Amino acid sequence: MERLNINTGLDRFLLIDRITEVDEAMIQGACILPAQEAHLLMESMAQLGAMHVRWCSGFNRHAFLSGIRNFHTAGAFIGTEKFQLTGVLNSRSSTGFSYAVTADSKSGRFVSGDFLYAGIPYDDRFRRSFLKSHYEKVFSCLRIVSKQP
Amino acid sequence: MEEVGMMQNNMEILEKIKQIVADILDLEEEKIGMDTYLIRDLGAESIDLLELAVSLNAAFQTEIRDDDIFLRKLRFYLEEAKTTGRDHHAFLAKQYPFLEDSRIREILNDLNGGAVLRISDLVCYIAHHQQ
C-alpha cells in the first residue's frame with residue numbers, strides 16, 4: 001500500500017485542544033484550526049468520537065474510524081477559528097459505535113456528520129502496553145487543559 | 001394464538017431489517033428475504049456488519065453482541081466441540097439460544113457452502129432479546 005503524506009500545517013497529529021465535557025452519552029471539546037482546510041475539521045471531529053470510544057471502554061480498546069455518512073457543511077471558513085465540537089453517541093453494539101458529531105464556530109460555520117467506529121481489543125500490532133497508557137494520558141491532559149481559565 | 005403473535009412480530013422485525021440492510025448495501029428491499037444469506041448472497045463485508053449492528057441497536061433498542069448475532073465464532077465453537085468431544089448440535093444450541101433446532105441442523109449441513117449467516121438469524125436474535 002502506498003503511503004500518503006498529508007501536510008496539515010501543524011506540528012502535531014492531535015487536533016483537539018481540550019475536552020470540556022464527557023459522560024456515557026456524549027463528549028464535547030474544542031479545537032482551533034489555523035488553516036482554511038475542511039479536512040482538518042473533519043479529522044478533529046473524528047478524533048473527538050474516537051476519544052469517546054476509548055473512554056467508554058476504559059481505554060481497553062483501540063478505536064478505528066470505519067465510515068462517515070451525511071457529512072454537511074454550512075458557512076465559509078474565515079481563517080483561524082475556534083470550533084466547539086460535540087459528539088453524541090446515537091447507538092452502539094459490542095464492537096460498533098455510531099455518533100452524530102457537530103462542529104460550530106462563532107462565525108456561523110457549522111459542520112455535521114455521522115461517524116462510525118470500531119472499538120477493537122488491542123493485539124500484537126496495536127499494543128496495549130503502549131496505547132492504553134498513551135491515550136489515558138492524552139485524555140487526561142485534554143481534560144486538565146479544559147479546566148484552566 | 002401466541003404463535004400467530006410471534007410470527008407477526010417476526011415479520012415486523014424482518015421488514016425493519018430489510019429496510020436497514022437495503023440502505024446499508026444500497027439494494028432493493030425486494031432482494032432480501034428470510035432465507036437470504038447476508039454474506040453469500042448480498043456480499044456484506046465486515047464494515048457493513050459493523051454498521052448493521054449499530055443500526056439494529058438504534059432500531060430495536062436491543063443490546064447487540066456482534067459475535068453472537070453474526071455467528072462469528074461458529075467455526076471456533078465447532079472446533080471446540082470437536083476437541084472436547086461434545087455434541088456439535090447441543091454445543092451450538094447452548095451458544096446460540098436464539099436459534100431453533102431446525103436452523104442449527106441446517107447450519108451444520110451447510111458449512112461447506114461458505115458463510116451461513118441468514119437474515120432469519122438476525123430476526124431470531126432480535127426477537128429472542130425482545131422477550
# chains A, B, ... in the order shown; residues from 1 in each chain; ligands from 1
$ interface_residues --of "chain B" --to "chain A" --cutoff "9 Å" --atoms "only C-alpha atoms" --output "PDB file with C-alpha atoms, in the first residue's frame"
ATOM      1  CA  ILE B  47     -17.633  -2.871   7.693  1.00  0.00           C
ATOM      2  CA  LEU B  50     -20.455  -3.060  11.875  1.00  0.00           C
ATOM      3  CA  GLU B  51     -22.915  -0.512  10.506  1.00  0.00           C
ATOM      4  CA  ALA B  53     -25.002  -3.839  14.289  1.00  0.00           C
ATOM      5  CA  VAL B  54     -25.296  -0.203  15.412  1.00  0.00           C
ATOM      6  CA  SER B  55     -28.345   0.328  13.167  1.00  0.00           C
ATOM      7  CA  LEU B  56     -30.094  -2.680  14.731  1.00  0.00           C
ATOM      8  CA  ASN B  57     -29.341  -1.275  18.170  1.00  0.00           C
ATOM      9  CA  ALA B  58     -30.866   2.052  17.157  1.00  0.00           C
ATOM     10  CA  GLN B  61     -33.174  -0.650  21.359  1.00  0.00           C
ATOM     11  CA  GLU B  63     -28.189  -4.944  23.059  1.00  0.00           C
ATOM     12  CA  ILE B  64     -26.317  -6.249  20.044  1.00  0.00           C
ATOM     13  CA  ARG B  65     -23.399  -8.590  20.602  1.00  0.00           C
ATOM     14  CA  ASP B  66     -21.657  -8.739  17.235  1.00  0.00           C
ATOM     15  CA  ASP B  67     -20.070 -12.145  17.779  1.00  0.00           C
TER      16      ASP B  67
END
$ residues_around --residues "B:Ile126" --least-positions-apart "4" --cutoff "9 Å" --atoms "only C-alpha atoms" --output "short mmCIF file (atom, residue, chain, number, x, y, z; two decimals) with N, CA and C atoms, in the first residue's frame"
data_model
loop_
_atom_site.label_atom_id
_atom_site.label_comp_id
_atom_site.auth_asym_id
_atom_site.auth_seq_id
_atom_site.Cartn_x
_atom_site.Cartn_y
_atom_site.Cartn_z
N ASN B 10 -42.21 -11.35 14.24
CA ASN B 10 -41.04 -11.66 13.42
C ASN B 10 -41.11 -10.98 12.06
N ILE B 13 -40.21 -7.40 12.52
CA ILE B 13 -38.75 -7.29 12.66
C ILE B 13 -38.09 -7.44 11.30
N LEU B 56 -29.13 -1.80 14.06
CA LEU B 56 -30.09 -2.68 14.73
C LEU B 56 -30.30 -2.22 16.17
N PHE B 60 -34.07 -1.21 17.29
CA PHE B 60 -34.80 -2.10 18.20
C PHE B 60 -34.49 -1.85 19.69
N THR B 62 -32.11 -2.80 21.41
CA THR B 62 -31.71 -4.09 21.96
C THR B 62 -30.19 -4.17 21.97
N GLU B 63 -29.64 -4.76 23.02
CA GLU B 63 -28.19 -4.94 23.06
C GLU B 63 -27.76 -5.88 21.93
N ILE B 64 -26.79 -5.44 21.16
CA ILE B 64 -26.32 -6.25 20.04
C ILE B 64 -24.90 -6.72 20.33
N ILE B 69 -24.80 -12.30 17.13
CA ILE B 69 -25.80 -12.08 16.09
C ILE B 69 -25.26 -12.46 14.70
N PHE B 98 -30.91 -18.34 20.65
CA PHE B 98 -31.95 -17.70 19.82
C PHE B 98 -32.25 -18.50 18.55
N ASP B 121 -31.58 -15.34 10.84
CA ASP B 121 -30.81 -15.42 12.09
C ASP B 121 -30.84 -14.09 12.84
N LEU B 122 -30.79 -13.00 12.08
CA LEU B 122 -30.86 -11.68 12.71
C LEU B 122 -32.25 -11.48 13.34
N GLN B 130 -35.90 -9.45 22.60
CA GLN B 130 -37.04 -8.58 22.95
C GLN B 130 -37.94 -9.23 23.99
N GLN B 131 -37.80 -10.53 24.17
CA GLN B 131 -38.70 -11.24 25.09
C GLN B 131 -38.42 -10.84 26.54
#
$ residues_around --residues "B:Asp101" --least-positions-apart "4" --cutoff "10 Å" --atoms "only C-alpha atoms" --output "number ranges by chain"
B: 89-90, 92-93, 97, 105-107
$ write_last_selection --atoms "all heavy atoms" --output "CSV table (one decimal), in the first residue's frame"
chain,number,residue,atom,x,y,z
B,89,HIS,N,-24.3,-30.2,17.8
B,89,HIS,CA,-25.7,-29.6,17.8
B,89,HIS,C,-26.0,-29.0,19.2
B,89,HIS,O,-26.4,-27.9,19.3
B,89,HIS,CB,-26.7,-30.7,17.4
B,89,HIS,CG,-28.1,-30.1,17.2
B,89,HIS,ND1,-28.7,-30.0,16.0
B,89,HIS,CD2,-28.9,-29.5,18.1
B,89,HIS,CE1,-29.9,-29.4,16.2
B,89,HIS,NE2,-30.0,-29.1,17.4
B,90,ALA,N,-25.8,-29.8,20.2
B,90,ALA,CA,-26.1,-29.3,21.6
B,90,ALA,C,-25.2,-28.2,21.9
B,90,ALA,O,-25.6,-27.2,22.6
B,90,ALA,CB,-25.9,-30.5,22.5
B,92,LEU,N,-23.8,-25.9,19.9
B,92,LEU,CA,-24.2,-24.7,19.2
B,92,LEU,C,-25.5,-24.2,19.8
B,92,LEU,O,-25.7,-23.0,19.9
B,92,LEU,CB,-24.4,-25.0,17.7
B,92,LEU,CG,-23.2,-25.1,16.9
B,92,LEU,CD1,-23.5,-25.2,15.4
B,92,LEU,CD2,-22.2,-24.0,17.1
B,93,ALA,N,-26.4,-25.1,20.2
B,93,ALA,CA,-27.7,-24.7,20.8
B,93,ALA,C,-27.5,-23.9,22.1
B,93,ALA,O,-28.2,-22.9,22.4
B,93,ALA,CB,-28.6,-25.9,21.0
B,97,PRO,N,-28.7,-19.6,21.8
B,97,PRO,CA,-30.1,-19.9,22.3
B,97,PRO,C,-31.2,-19.3,21.5
B,97,PRO,O,-32.4,-19.8,21.6
B,97,PRO,CB,-30.1,-19.4,23.7
B,97,PRO,CG,-29.0,-18.4,23.8
B,97,PRO,CD,-28.0,-18.8,22.8
B,105,ARG,N,-29.6,-27.5,12.6
B,105,ARG,CA,-29.4,-28.6,11.8
B,105,ARG,C,-29.0,-28.1,10.3
B,105,ARG,O,-28.1,-28.7,9.7
B,105,ARG,CB,-30.7,-29.5,11.7
B,105,ARG,CG,-30.7,-30.6,12.7
B,105,ARG,CD,-31.7,-31.7,12.4
B,105,ARG,NE,-33.1,-31.1,12.4
B,105,ARG,CZ,-33.8,-30.9,13.5
B,105,ARG,NH1,-33.3,-31.3,14.7
B,105,ARG,NH2,-35.0,-30.4,13.5
B,106,GLU,N,-29.8,-27.1,9.9
B,106,GLU,CA,-29.5,-26.6,8.6
B,106,GLU,C,-28.1,-26.0,8.5
B,106,GLU,O,-27.3,-26.3,7.5
B,106,GLU,CB,-30.4,-25.4,8.3
B,106,GLU,CG,-31.8,-25.7,7.7
B,106,GLU,CD,-32.6,-24.5,7.4
B,106,GLU,OE1,-32.2,-23.4,7.8
B,106,GLU,OE2,-33.6,-24.6,6.7
B,107,ILE,N,-27.7,-25.3,9.5
B,107,ILE,CA,-26.3,-24.8,9.5
B,107,ILE,C,-25.3,-25.9,9.5
B,107,ILE,O,-24.3,-25.8,8.7
B,107,ILE,CB,-26.1,-23.9,10.8
B,107,ILE,CG1,-26.9,-22.6,10.7
B,107,ILE,CG2,-24.6,-23.6,11.1
B,107,ILE,CD1,-26.9,-21.7,12.0
$ residues_around --residues "A:Asp114" --least-positions-apart "5" --cutoff "9 Å" --atoms "only C-alpha atoms" --output "list in words"
Gly67, Ile68, Arg69, Asn70, Phe71, Ser98, Tyr99, Ala100, Val101 and Thr102 of chain A
$ write_last_selection --atoms "N, CA, C and O atoms" --output "PDB file, in the first residue's frame"
ATOM      1  N   GLY A  67     -16.281   4.777   9.021  1.00  0.00           N
ATOM      2  CA  GLY A  67     -17.008   5.441   7.945  1.00  0.00           C
ATOM      3  C   GLY A  67     -17.647   6.734   8.406  1.00  0.00           C
ATOM      4  O   GLY A  67     -17.846   6.954   9.608  1.00  0.00           O
ATOM      5  N   ILE A  68     -17.926   7.605   7.452  1.00  0.00           N
ATOM      6  CA  ILE A  68     -18.628   8.864   7.727  1.00  0.00           C
ATOM      7  C   ILE A  68     -19.802   8.955   6.766  1.00  0.00           C
ATOM      8  O   ILE A  68     -19.641   8.721   5.567  1.00  0.00           O
ATOM      9  N   ARG A  69     -20.956   9.283   7.306  1.00  0.00           N
ATOM     10  CA  ARG A  69     -22.151   9.460   6.472  1.00  0.00           C
ATOM     11  C   ARG A  69     -22.751  10.837   6.735  1.00  0.00           C
ATOM     12  O   ARG A  69     -22.565  11.387   7.814  1.00  0.00           O
ATOM     13  N   ASN A  70     -23.506  11.292   5.773  1.00  0.00           N
ATOM     14  CA  ASN A  70     -24.271  12.532   5.938  1.00  0.00           C
ATOM     15  C   ASN A  70     -23.413  13.702   6.394  1.00  0.00           C
ATOM     16  O   ASN A  70     -23.769  14.418   7.336  1.00  0.00           O
ATOM     17  N   PHE A  71     -22.279  13.882   5.753  1.00  0.00           N
ATOM     18  CA  PHE A  71     -21.383  14.980   6.147  1.00  0.00           C
ATOM     19  C   PHE A  71     -21.843  16.258   5.453  1.00  0.00           C
ATOM     20  O   PHE A  71     -21.914  16.320   4.236  1.00  0.00           O
ATOM     21  N   SER A  98     -21.728   4.495  16.954  1.00  0.00           N
ATOM     22  CA  SER A  98     -22.188   5.454  15.963  1.00  0.00           C
ATOM     23  C   SER A  98     -22.478   6.801  16.636  1.00  0.00           C
ATOM     24  O   SER A  98     -23.236   6.862  17.611  1.00  0.00           O
ATOM     25  N   TYR A  99     -21.874   7.857  16.120  1.00  0.00           N
ATOM     26  CA  TYR A  99     -22.005   9.192  16.707  1.00  0.00           C
ATOM     27  C   TYR A  99     -22.541  10.203  15.709  1.00  0.00           C
ATOM     28  O   TYR A  99     -22.185  10.163  14.523  1.00  0.00           O
ATOM     29  N   ALA A 100     -23.338  11.130  16.207  1.00  0.00           N
ATOM     30  CA  ALA A 100     -23.634  12.350  15.463  1.00  0.00           C
ATOM     31  C   ALA A 100     -22.670  13.395  15.999  1.00  0.00           C
ATOM     32  O   ALA A 100     -22.705  13.733  17.183  1.00  0.00           O
ATOM     33  N   VAL A 101     -21.778  13.865  15.134  1.00  0.00           N
ATOM     34  CA  VAL A 101     -20.755  14.818  15.566  1.00  0.00           C
ATOM     35  C   VAL A 101     -20.999  16.158  14.872  1.00  0.00           C
ATOM     36  O   VAL A 101     -21.281  16.198  13.667  1.00  0.00           O
ATOM     37  N   THR A 102     -20.913  17.228  15.652  1.00  0.00           N
ATOM     38  CA  THR A 102     -21.076  18.566  15.068  1.00  0.00           C
ATOM     39  C   THR A 102     -19.890  19.441  15.464  1.00  0.00           C
ATOM     40  O   THR A 102     -19.236  19.208  16.482  1.00  0.00           O
TER      41      THR A 102
END
$ residues_around --residues "B:Asp23" --least-positions-apart "6" --cutoff "10 Å" --atoms "only C-alpha atoms" --output "PDB file with C-alpha atoms, in the first residue's frame"
ATOM      1  CA  ILE B  17     -34.191  -5.346   8.981  1.00  0.00           C
ATOM      2  CA  GLU B  29     -35.635  -4.418  -0.441  1.00  0.00           C
ATOM      3  CA  LEU B  52     -25.689  -3.075  10.616  1.00  0.00           C
TER       4      LEU B  52
END
$ closest_residue --among "B:Cys124, B:Met6, B:Ile32, B:Ile20" --to "B:Ala59" --atoms "only C-alpha atoms"
B:Ile20
$ closest_residue --among "B:Gly5, B:Ile24, B:Leu71, B:Asn112" --to "B:Tyr125" --atoms "only C-alpha atoms"
B:Leu71
$ residues_around --residues "A:Arg109" --least-positions-apart "6" --cutoff "12 Å" --atoms "only C-alpha atoms" --output "PyMOL selection string"
chain A and resi 36+38+41+72-85+102-103
$ write_last_selection --atoms "N, CA, C and O atoms" --output "PDB file, in the first residue's frame"
ATOM      1  N   GLN A  36      -7.476  27.166   6.358  1.00  0.00           N
ATOM      2  CA  GLN A  36      -8.817  27.054   5.765  1.00  0.00           C
ATOM      3  C   GLN A  36      -8.971  25.684   5.113  1.00  0.00           C
ATOM      4  O   GLN A  36      -9.128  25.560   3.907  1.00  0.00           O
ATOM      5  N   ALA A  38     -11.033  22.190   5.311  1.00  0.00           N
ATOM      6  CA  ALA A  38     -12.191  21.467   5.857  1.00  0.00           C
ATOM      7  C   ALA A  38     -11.808  20.075   6.339  1.00  0.00           C
ATOM      8  O   ALA A  38     -12.384  19.559   7.301  1.00  0.00           O
ATOM      9  N   LEU A  41     -10.915  19.858   9.965  1.00  0.00           N
ATOM     10  CA  LEU A  41     -12.080  19.893  10.856  1.00  0.00           C
ATOM     11  C   LEU A  41     -12.732  18.513  10.917  1.00  0.00           C
ATOM     12  O   LEU A  41     -13.115  18.038  11.991  1.00  0.00           O
ATOM     13  N   HIS A  72     -22.180  17.253   6.270  1.00  0.00           N
ATOM     14  CA  HIS A  72     -22.691  18.514   5.720  1.00  0.00           C
ATOM     15  C   HIS A  72     -21.897  19.690   6.285  1.00  0.00           C
ATOM     16  O   HIS A  72     -21.518  19.683   7.454  1.00  0.00           O
ATOM     17  N   THR A  73     -21.700  20.681   5.458  1.00  0.00           N
ATOM     18  CA  THR A  73     -21.040  21.897   5.936  1.00  0.00           C
ATOM     19  C   THR A  73     -21.896  23.109   5.568  1.00  0.00           C
ATOM     20  O   THR A  73     -22.573  23.109   4.547  1.00  0.00           O
ATOM     21  N   ALA A  74     -21.831  24.113   6.429  1.00  0.00           N
ATOM     22  CA  ALA A  74     -22.548  25.365   6.147  1.00  0.00           C
ATOM     23  C   ALA A  74     -21.683  26.524   6.609  1.00  0.00           C
ATOM     24  O   ALA A  74     -21.003  26.436   7.633  1.00  0.00           O
ATOM     25  N   GLY A  75     -21.677  27.584   5.852  1.00  0.00           N
ATOM     26  CA  GLY A  75     -20.861  28.748   6.191  1.00  0.00           C
ATOM     27  C   GLY A  75     -19.477  28.614   5.585  1.00  0.00           C
ATOM     28  O   GLY A  75     -19.068  27.539   5.165  1.00  0.00           O
ATOM     29  N   ALA A  76     -18.762  29.711   5.560  1.00  0.00           N
ATOM     30  CA  ALA A  76     -17.438  29.717   4.930  1.00  0.00           C
ATOM     31  C   ALA A  76     -16.346  29.892   5.978  1.00  0.00           C
ATOM     32  O   ALA A  76     -16.549  30.566   6.986  1.00  0.00           O
ATOM     33  N   PHE A  77     -15.205  29.262   5.720  1.00  0.00           N
ATOM     34  CA  PHE A  77     -14.050  29.452   6.591  1.00  0.00           C
ATOM     35  C   PHE A  77     -13.563  30.892   6.469  1.00  0.00           C
ATOM     36  O   PHE A  77     -13.479  31.439   5.364  1.00  0.00           O
ATOM     37  N   ILE A  78     -13.243  31.497   7.622  1.00  0.00           N
ATOM     38  CA  ILE A  78     -12.744  32.877   7.545  1.00  0.00           C
ATOM     39  C   ILE A  78     -11.291  32.962   8.001  1.00  0.00           C
ATOM     40  O   ILE A  78     -10.763  34.041   8.197  1.00  0.00           O
ATOM     41  N   GLY A  79     -10.654  31.821   8.172  1.00  0.00           N
ATOM     42  CA  GLY A  79      -9.269  31.826   8.645  1.00  0.00           C
ATOM     43  C   GLY A  79      -9.180  31.067   9.949  1.00  0.00           C
ATOM     44  O   GLY A  79      -9.897  30.081  10.137  1.00  0.00           O
ATOM     45  N   THR A  80      -8.327  31.528  10.860  1.00  0.00           N
ATOM     46  CA  THR A  80      -8.180  30.838  12.142  1.00  0.00           C
ATOM     47  C   THR A  80      -9.475  30.954  12.942  1.00  0.00           C
ATOM     48  O   THR A  80      -9.999  32.048  13.144  1.00  0.00           O
ATOM     49  N   GLU A  81      -9.981  29.804  13.343  1.00  0.00           N
ATOM     50  CA  GLU A  81     -11.257  29.805  14.065  1.00  0.00           C
ATOM     51  C   GLU A  81     -11.237  28.796  15.196  1.00  0.00           C
ATOM     52  O   GLU A  81     -10.599  27.745  15.092  1.00  0.00           O
ATOM     53  N   LYS A  82     -11.980  29.103  16.231  1.00  0.00           N
ATOM     54  CA  LYS A  82     -12.171  28.135  17.315  1.00  0.00           C
ATOM     55  C   LYS A  82     -13.498  27.433  17.082  1.00  0.00           C
ATOM     56  O   LYS A  82     -14.524  28.084  16.829  1.00  0.00           O
ATOM     57  N   PHE A  83     -13.464  26.109  17.166  1.00  0.00           N
ATOM     58  CA  PHE A  83     -14.675  25.320  16.960  1.00  0.00           C
ATOM     59  C   PHE A  83     -15.069  24.602  18.246  1.00  0.00           C
ATOM     60  O   PHE A  83     -14.219  24.049  18.948  1.00  0.00           O
ATOM     61  N   GLN A  84     -16.349  24.632  18.497  1.00  0.00           N
ATOM     62  CA  GLN A  84     -16.920  23.808  19.575  1.00  0.00           C
ATOM     63  C   GLN A  84     -17.314  22.477  18.951  1.00  0.00           C
ATOM     64  O   GLN A  84     -18.054  22.445  17.955  1.00  0.00           O
ATOM     65  N   LEU A  85     -16.807  21.379  19.491  1.00  0.00           N
ATOM     66  CA  LEU A  85     -17.092  20.051  18.946  1.00  0.00           C
ATOM     67  C   LEU A  85     -18.007  19.284  19.893  1.00  0.00           C
ATOM     68  O   LEU A  85     -17.785  19.295  21.110  1.00  0.00           O
ATOM     69  N   THR A 102     -20.913  17.228  15.652  1.00  0.00           N
ATOM     70  CA  THR A 102     -21.076  18.566  15.068  1.00  0.00           C
ATOM     71  C   THR A 102     -19.890  19.441  15.464  1.00  0.00           C
ATOM     72  O   THR A 102     -19.236  19.208  16.482  1.00  0.00           O
ATOM     73  N   ALA A 103     -19.634  20.425  14.618  1.00  0.00           N
ATOM     74  CA  ALA A 103     -18.613  21.441  14.917  1.00  0.00           C
ATOM     75  C   ALA A 103     -19.197  22.786  14.543  1.00  0.00           C
ATOM     76  O   ALA A 103     -19.748  22.936  13.450  1.00  0.00           O
TER      77      ALA A 103
END
$ residues_around --residues "B:Arg75" --least-positions-apart "5" --cutoff "12 Å" --atoms "only C-alpha atoms" --output "PyMOL selection string"
chain B and resi 67+80-82+88+91-92+95+107-108+111-112+114-116
$ atom_distance --atom1 "atom CA of A:Ala63" --atom2 "atom CA of A:Met51"
7.9 Å
$ select_by_dssp --residues "stretch 56-142 of chain A" --states "strand (DSSP E or B)" --output "number ranges by chain"
A: 61-74, 81-92, 96-105, 110-121
$ atom_distance --atom1 "atom CA of A:Gln47" --atom2 "atom CA of A:Leu131"
14.9 Å
$ atom_distance --atom1 "atom CA of B:Lys16" --atom2 "atom CA of B:Gly33"
11.6 Å
$ decode --residues "stretch 51-72 of chain B" --atoms "N, CA and C atoms" --output "PDB file, in the first residue's frame"
ATOM      1  N   GLU B  51     -21.848  -1.510  10.662  1.00  0.00           N
ATOM      2  CA  GLU B  51     -22.915  -0.512  10.506  1.00  0.00           C
ATOM      3  C   GLU B  51     -24.278  -1.134  10.799  1.00  0.00           C
ATOM      4  N   LEU B  52     -24.434  -2.367  10.369  1.00  0.00           N
ATOM      5  CA  LEU B  52     -25.689  -3.075  10.616  1.00  0.00           C
ATOM      6  C   LEU B  52     -25.921  -3.252  12.123  1.00  0.00           C
ATOM      7  N   ALA B  53     -24.874  -3.601  12.846  1.00  0.00           N
ATOM      8  CA  ALA B  53     -25.002  -3.839  14.289  1.00  0.00           C
ATOM      9  C   ALA B  53     -25.488  -2.580  15.019  1.00  0.00           C
ATOM     10  N   VAL B  54     -24.875  -1.431  14.715  1.00  0.00           N
ATOM     11  CA  VAL B  54     -25.296  -0.203  15.412  1.00  0.00           C
ATOM     12  C   VAL B  54     -26.686   0.249  14.945  1.00  0.00           C
ATOM     13  N   SER B  55     -27.009  -0.038  13.680  1.00  0.00           N
ATOM     14  CA  SER B  55     -28.345   0.328  13.167  1.00  0.00           C
ATOM     15  C   SER B  55     -29.427  -0.529  13.817  1.00  0.00           C
ATOM     16  N   LEU B  56     -29.125  -1.804  14.060  1.00  0.00           N
ATOM     17  CA  LEU B  56     -30.094  -2.680  14.731  1.00  0.00           C
ATOM     18  C   LEU B  56     -30.304  -2.224  16.174  1.00  0.00           C
ATOM     19  N   ASN B  57     -29.231  -1.795  16.804  1.00  0.00           N
ATOM     20  CA  ASN B  57     -29.341  -1.275  18.170  1.00  0.00           C
ATOM     21  C   ASN B  57     -30.244  -0.045  18.195  1.00  0.00           C
ATOM     22  N   ALA B  58     -30.054   0.831  17.215  1.00  0.00           N
ATOM     23  CA  ALA B  58     -30.866   2.052  17.157  1.00  0.00           C
ATOM     24  C   ALA B  58     -32.326   1.725  16.853  1.00  0.00           C
ATOM     25  N   ALA B  59     -32.560   0.772  15.970  1.00  0.00           N
ATOM     26  CA  ALA B  59     -33.925   0.473  15.536  1.00  0.00           C
ATOM     27  C   ALA B  59     -34.720  -0.298  16.582  1.00  0.00           C
ATOM     28  N   PHE B  60     -34.067  -1.205  17.292  1.00  0.00           N
ATOM     29  CA  PHE B  60     -34.797  -2.097  18.203  1.00  0.00           C
ATOM     30  C   PHE B  60     -34.493  -1.853  19.686  1.00  0.00           C
ATOM     31  N   GLN B  61     -33.540  -0.933  19.965  1.00  0.00           N
ATOM     32  CA  GLN B  61     -33.174  -0.650  21.359  1.00  0.00           C
ATOM     33  C   GLN B  61     -32.816  -1.934  22.096  1.00  0.00           C
ATOM     34  N   THR B  62     -32.107  -2.797  21.405  1.00  0.00           N
ATOM     35  CA  THR B  62     -31.711  -4.089  21.956  1.00  0.00           C
ATOM     36  C   THR B  62     -30.189  -4.174  21.966  1.00  0.00           C
ATOM     37  N   GLU B  63     -29.637  -4.764  23.017  1.00  0.00           N
ATOM     38  CA  GLU B  63     -28.189  -4.944  23.059  1.00  0.00           C
ATOM     39  C   GLU B  63     -27.763  -5.878  21.931  1.00  0.00           C
ATOM     40  N   ILE B  64     -26.794  -5.442  21.160  1.00  0.00           N
ATOM     41  CA  ILE B  64     -26.317  -6.249  20.044  1.00  0.00           C
ATOM     42  C   ILE B  64     -24.895  -6.720  20.330  1.00  0.00           C
ATOM     43  N   ARG B  65     -24.737  -8.018  20.452  1.00  0.00           N
ATOM     44  CA  ARG B  65     -23.399  -8.590  20.602  1.00  0.00           C
ATOM     45  C   ARG B  65     -22.987  -9.131  19.233  1.00  0.00           C
ATOM     46  N   ASP B  66     -22.034  -8.448  18.624  1.00  0.00           N
ATOM     47  CA  ASP B  66     -21.657  -8.739  17.235  1.00  0.00           C
ATOM     48  C   ASP B  66     -21.284 -10.209  17.023  1.00  0.00           C
ATOM     49  N   ASP B  67     -20.515 -10.751  17.946  1.00  0.00           N
ATOM     50  CA  ASP B  67     -20.070 -12.145  17.779  1.00  0.00           C
ATOM     51  C   ASP B  67     -21.249 -13.112  17.743  1.00  0.00           C
ATOM     52  N   ASP B  68     -22.293 -12.801  18.510  1.00  0.00           N
ATOM     53  CA  ASP B  68     -23.447 -13.706  18.585  1.00  0.00           C
ATOM     54  C   ASP B  68     -24.374 -13.528  17.389  1.00  0.00           C
ATOM     55  N   ILE B  69     -24.797 -12.300  17.133  1.00  0.00           N
ATOM     56  CA  ILE B  69     -25.804 -12.085  16.087  1.00  0.00           C
ATOM     57  C   ILE B  69     -25.261 -12.458  14.705  1.00  0.00           C
ATOM     58  N   PHE B  70     -23.971 -12.284  14.486  1.00  0.00           N
ATOM     59  CA  PHE B  70     -23.395 -12.598  13.171  1.00  0.00           C
ATOM     60  C   PHE B  70     -22.736 -13.982  13.139  1.00  0.00           C
ATOM     61  N   LEU B  71     -22.950 -14.762  14.181  1.00  0.00           N
ATOM     62  CA  LEU B  71     -22.430 -16.139  14.272  1.00  0.00           C
ATOM     63  C   LEU B  71     -20.931 -16.184  13.992  1.00  0.00           C
ATOM     64  N   ARG B  72     -20.215 -15.179  14.476  1.00  0.00           N
ATOM     65  CA  ARG B  72     -18.797 -15.027  14.124  1.00  0.00           C
ATOM     66  C   ARG B  72     -17.928 -16.177  14.630  1.00  0.00           C
TER      67      ARG B  72
END
